[in-house]
Amino acid sequence: MNVLHNASLTIPSTGIYILRGENGTGKTTLLKCLAGLERYQGSILWHNDSLLNNIAAAFDDSTVHGRLTGLQNLRALLDASSKVIEGTPAVRIFFNHDLLMKRSGTYSLGQRKKIKIAAAFAARKPCILLDEPLSGLDITGRKGLLQLLESSAETNCVLISDHEPAFYRSVASSEFTIRQGKIHRDPGNQPFKIDDFDE
């Protein structure tokens, strides 16, 4: 079944971009295609390179391993040492040392979400995809996410699928809406391209 039809889109290589749409319109599907997790026809590029070489993502349905500590989960996701991970700003915003040492099976939904978001920002990729990052986050977590977005707006391209676009208005560069298989947005300038996209 086709979800998106003949979409052609170019997004600047820095800035915060919000993807809106009703349930079932294809927001998560689009992000998963960009991340190489869904089959599609067409091309997705970061400048002249494959987007897959330049992307980090946090999906709402991705798994955090409950038998591992928060730190062990982050080490597996980032392939980095404990010292490097604990010193990463994206991790420090959400976690202290004691919480990182606990098994993530004891974490709340919001704390598990923070692992995925922290890993996406800590991966040091130029493009970051976030699928409904506000789901399960408390006020402190939302403030931390906003801080990460503010610090990334001039260095990264962050594409966010969410039902709460008003939350991002202070940092958003532009907004997209998916309707009837088409992507609608304000005109932009460059970075990754989705050409003749069918999913």
# chains A, B, ... in the order shown; residues from 1 in each chain; ligands from 1
call {"tool": "residues_around", "arguments": {"residues": "range 22-24 of chain A", "least_positions_apart": "6", "cutoff": "10 Å", "atoms": "only C-alpha atoms", "output": "PDB file with N, CA and C atoms, in the first residue's frame"}}
result
ATOM      1  N   VAL A   3       1.747   4.956   0.952  1.00  0.00           N
ATOM      2  CA  VAL A   3       1.391   5.931   1.984  1.00  0.00           C
ATOM      3  C   VAL A   3       1.662   7.344   1.500  1.00  0.00           C
ATOM      4  N   ASP A 162       5.480  15.040  15.360  1.00  0.00           N
ATOM      5  CA  ASP A 162       4.818  15.221  16.648  1.00  0.00           C
ATOM      6  C   ASP A 162       3.419  15.785  16.457  1.00  0.00           C
ATOM      7  N   HIS A 163       2.585  15.569  17.477  1.00  0.00           N
ATOM      8  CA  HIS A 163       1.220  16.093  17.479  1.00  0.00           C
ATOM      9  C   HIS A 163       1.117  17.405  18.250  1.00  0.00           C
ATOM     10  N   THR A 177       3.221  19.459   6.768  1.00  0.00           N
ATOM     11  CA  THR A 177       2.006  18.717   7.058  1.00  0.00           C
ATOM     12  C   THR A 177       1.827  17.645   5.988  1.00  0.00           C
ATOM     13  N   ILE A 178       1.526  16.418   6.422  1.00  0.00           N
ATOM     14  CA  ILE A 178       1.203  15.347   5.477  1.00  0.00           C
ATOM     15  C   ILE A 178      -0.314  15.257   5.370  1.00  0.00           C
ATOM     16  N   ARG A 179      -0.810  15.398   4.145  1.00  0.00           N
ATOM     17  CA  ARG A 179      -2.243  15.272   3.881  1.00  0.00           C
ATOM     18  C   ARG A 179      -2.432  14.503   2.586  1.00  0.00           C
TER      19      ARG A 179
END
call {"tool": "residues_around", "arguments": {"residues": "Ser82 in chain A", "least_positions_apart": "5", "cutoff": "12 Å", "atoms": "only C-alpha atoms", "output": "list of chain:residue names"}}
result
A:Thr69, A:Gly70, A:Leu71, A:Gln72, A:Asn73, A:Leu74, A:Arg75, A:Ala76, A:Leu77, A:Gly87, A:Thr88, A:Val91, A:His97, A:Leu100, A:Met101
call {"tool": "closest_residue", "arguments": {"among": "A:Val84, A:Ile128, A:Leu159, A:Ile115", "to": "Asn53 in chain A", "atoms": "only C-alpha atoms"}}
result
A:Ile128
call {"tool": "select_by_dssp", "arguments": {"residues": "chain A", "states": "alpha helix (DSSP H)", "output": "number ranges by chain"}}
result
A: 27-34, 70-78, 82-86, 89-92, 97-100, 109-122, 139-152
call {"tool": "atom_distance", "arguments": {"atom1": "CA of Leu148 in chain A", "atom2": "CA of Asn48 in chain A"}}
result
27.2 Å
